[in-house]
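Asker: Let me give you the structure first, and then I'll get to my questions.
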Amino acid sequence: MLKKILKSYDYSLIAVYLILCLFGLIMVYSASWSLAYRQDLPADYFYIKQIKNLIISVICFGLFALFPYRVYQNNKFLMPMMFGSVLLLLLIFAMGHTANNAQSWFRFGAASLQPAEFVKISVIIYLAAIYAKKQKYIDDFNRGVLPPIFFLAVVCFLIAIQPDIGSAFIIFMTGCCIIICSGMRLKTILKLIGLGLGIIIILALIVLILPDDLQKQIISPTRMGRITGFLNPFTDRGNTGHQLVNSFFAIGSGGVFGQGLGQGIQKLGYLPEAHTDFIIAVIAEELGIFGVLVVLLGLFFLIFKIILTGLRANNPFGALLCYGIAGLIGIQSFINLGGATGVIPITGVTLPFISYGGSSLMVMSILIGIVANVGMFTNYQRKYGKKETN
């Protein structure tokens with residue numbers, strides 16, 4: 001039986017996942033050694049930490065690839081996960097570590113953990129499970145539509161006020177992907193859009209009538225600077241446009257073939273967050289358009305395979321899990337790449353599987369493990385005719 005189970009996994013999905021992670025590991029070293037040197041650390045400091053992150057992440061991938069995904073649909077799992085996620089986000093305000101003007105991390109000595117990353121898993125599992133259970137009355141606004149959205153709104157609000165607008169937006173849009181794919185009629189979805197627009201208008205009006213000091217806290221110069229830096233980066237290239245301008249220089253100087261691995265200039269103190277938010281700029285500078293294509297094709301392949309796994313799934317829960325995970329990877333990739341290339345304002349999110357960061361890599365690995373498990377159960381049933389029992 002074990003042999004049949006192992007034959008049922010999609011090894012092309014696993015292979016591309018591992019290739020992207022290893023490629024990211026190489027680029028993290030190339031992008032971070034200069035920063036480590038400037039901070040009086042060993043040149044391989046961030047590289048060694050990322051190796052440890054990768055080992056833990058691959059172990060997590062393996063565990064979740066083996067663990068039956070249908071267990072997540074059980075209320076004994078769902079409820080603790082939901083309340084635990086909210087509790088973690090509340091605790092961050094009492095015990096969290098502040099970095100880059102956001103109180104978003106728990107620090108444990110030299111290690112750190114970002115709860116918002118793990119909430120992405122909670123939101124996908126919870127929304128997929130609840131909407132899969134509510135298929136018979138999916139268009140009933142009070143019973144089928146609103147209860148899961150309330151949980152989504154709460155976690156997005158708690159993350160946004162850290163403030164981590166980028167993660168809140170990614171989680172919100174991922175939730176929207178699951179809602180759109182849940183089987184609701186277009187009429188119900190349009191009602192939701194109308195409700196959402198109404199809430200946005202009300203919140204905007206509330207902000208306008210607040211005292212000036214509170215308005216400045218909400219619409220801070222840092223947040224406004226990201227917008228002005230996005231719209232006119234070269235007019236204030238020494239301040240709000242600094243990151244984007246240097247990202248442009250890195251991408252533009254790479255050309256077709258790049259300057260060569262390790263030969264980039266912008267990471268030498270010019271481009272902030274070169275190993276995290278702007279790692280694609282380092283890839284473009286050093287490996288040219290071919291390096292960028294490796295990343296884009298790898299991410300596109302993963303998203304395609306995850307959607308395909310969802311389409312082949314034997315139950316709504318497995319399908320919605322896959323659609324949510326594909327949506328998350330696609331949305332986060334677009335926001336990271338869009339920020340680095342000036343398509344959208346910079347939000348400070350990592351590039352999945354490539355950027356430095358333990359929490360992000362672990363979460364993405366867990367999600368790929370879940371997809372692998374969904375695909376394994378689907379393939380096992382098709383090949384050997386045994387129904388899922390988990």
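The way I read the labels, and the way they are meant: chains A, B, ... in the order of the structure tokens, residue 1 as the first residue of every chain, and ligand 1 as the first ligand shown, with later ones counted on from there.
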Output as a list in words all residues of region 71-306 of chain A that backbone DSSP marks as strand (DSSP E or B).

Answerer: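 Matching residues for strand (DSSP E or B) in region 71-306 of chain A are His97, Thr98, Ala99, Ala102, Gln103, Ser104, Trp105, Phe106, Arg107, Phe108, Ala111, Ser112 and Leu113 of chain A.
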
Asker: Can you spit out the residues from that selection as a compact mmCIF listing (two decimals), in the first residue's frame, using N, CA and C atoms?

Answerer:
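This is the output file result-v1.txt:
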# COMPACT_ATOMS: atom_id res chain seq x y z
N HIS A 97 7.61 42.20 18.67
CA HIS A 97 8.83 42.96 18.40
C HIS A 97 8.57 43.91 17.23
N THR A 98 9.02 45.14 17.36
CA THR A 98 8.80 46.15 16.31
C THR A 98 10.03 46.25 15.42
N ALA A 99 9.79 46.18 14.11
CA ALA A 99 10.87 46.38 13.13
C ALA A 99 10.25 47.00 11.89
N ALA A 102 6.68 48.38 12.14
CA ALA A 102 5.55 47.46 12.28
C ALA A 102 5.81 46.51 13.45
N GLN A 103 4.81 46.32 14.28
CA GLN A 103 4.90 45.38 15.40
C GLN A 103 4.29 44.06 14.94
N SER A 104 5.10 43.27 14.24
CA SER A 104 4.57 42.10 13.53
C SER A 104 5.27 40.80 13.86
N TRP A 105 6.25 40.81 14.75
CA TRP A 105 7.05 39.62 15.00
C TRP A 105 7.09 39.27 16.48
N PHE A 106 7.23 37.98 16.75
CA PHE A 106 7.64 37.50 18.06
C PHE A 106 9.13 37.18 17.96
N ARG A 107 9.90 37.63 18.95
CA ARG A 107 11.33 37.34 18.97
C ARG A 107 11.64 36.30 20.02
N PHE A 108 12.43 35.29 19.64
CA PHE A 108 12.90 34.26 20.56
C PHE A 108 14.41 34.19 20.42
N ALA A 111 16.04 34.14 16.88
CA ALA A 111 14.99 33.70 15.95
C ALA A 111 13.77 34.60 16.07
N SER A 112 12.96 34.63 15.02
CA SER A 112 11.74 35.43 15.02
C SER A 112 10.64 34.66 14.29
N LEU A 113 9.40 35.02 14.59
CA LEU A 113 8.25 34.37 13.97
C LEU A 113 7.21 35.43 13.67

Asker: I want to know what sits within 12 Å of region 24-27 of chain A, based on only C-alpha atoms, with residues of the same chain fewer than 3 positions away left out; could you give that as a PyMOL selection string?

Answerer: chain A and resi 17-21+30-33+44+46-55+260-264+267+274-276+278-287+291-292+294-295+298+350-358+361

Asker: Report the residues of region 128-370 of chain A whose backbone DSSP state falls under helix (DSSP H, G or I), written as a PyMOL selection string.

Answerer: chain A and resi 128-133+135-137+141-160+165-181+186-209+212-218+221-231+233-236+242-254+279-312+316-341+358-370

Asker: Using only C-alpha atoms, which residue out of A:Gly369, A:Ala319, A:Gln243, A:Phe377 lies closest to Gly339 (chain A)?

Answerer: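 Of the candidates, the smallest distance to Gly339 (chain A) is held by A:Gln243.
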
Asker: Would you mind listing what lies within 7 Å of region 128-137 of chain A as a ChimeraX atom specification, with only C-alpha atoms counted and same-chain residues fewer than 5 positions away left out?

Answerer: /A:73,144,148,178,182,316-317,320-321

Asker: Between A:Leu203, A:Met362, A:Ile329, A:Ile289, which residue has the minimum interatomic distance to Phe301 (chain A), considering only C-alpha atoms?

Answerer: A:Ile329

Asker: Looking at only C-alpha atoms, which of A:Lys7, A:Cys322, A:Phe290, A:Val58 is the one that sits closest to Cys177 (chain A)?

Answerer: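 That would be A:Cys322, the residue with the smallest distance to Cys177 (chain A).
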
Asker: Which residue is closest to Leu90 (chain A)? Choose from A:Ile193, A:Ile14, A:Phe157, A:Phe169 and count only C-alpha atoms.

Answerer: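 Among the listed residues, A:Phe157 lies closest to Leu90 (chain A).
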
Asker: Could you check which of A:Gly318, A:Gly288, A:Gly348, A:Gly324 is closest to Ile180 (chain A), using only C-alpha atoms?

Answerer: A:Gly324

Asker: When distances are computed from only C-alpha atoms, which of A:Ile199, A:Leu35, A:Leu158, A:Val28 shows the smallest separation from Tyr270 (chain A)?

Answerer: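 Of A:Ile199, A:Leu35, A:Leu158, A:Val28, the one nearest Tyr270 (chain A) is A:Leu35, counting only C-alpha atoms.
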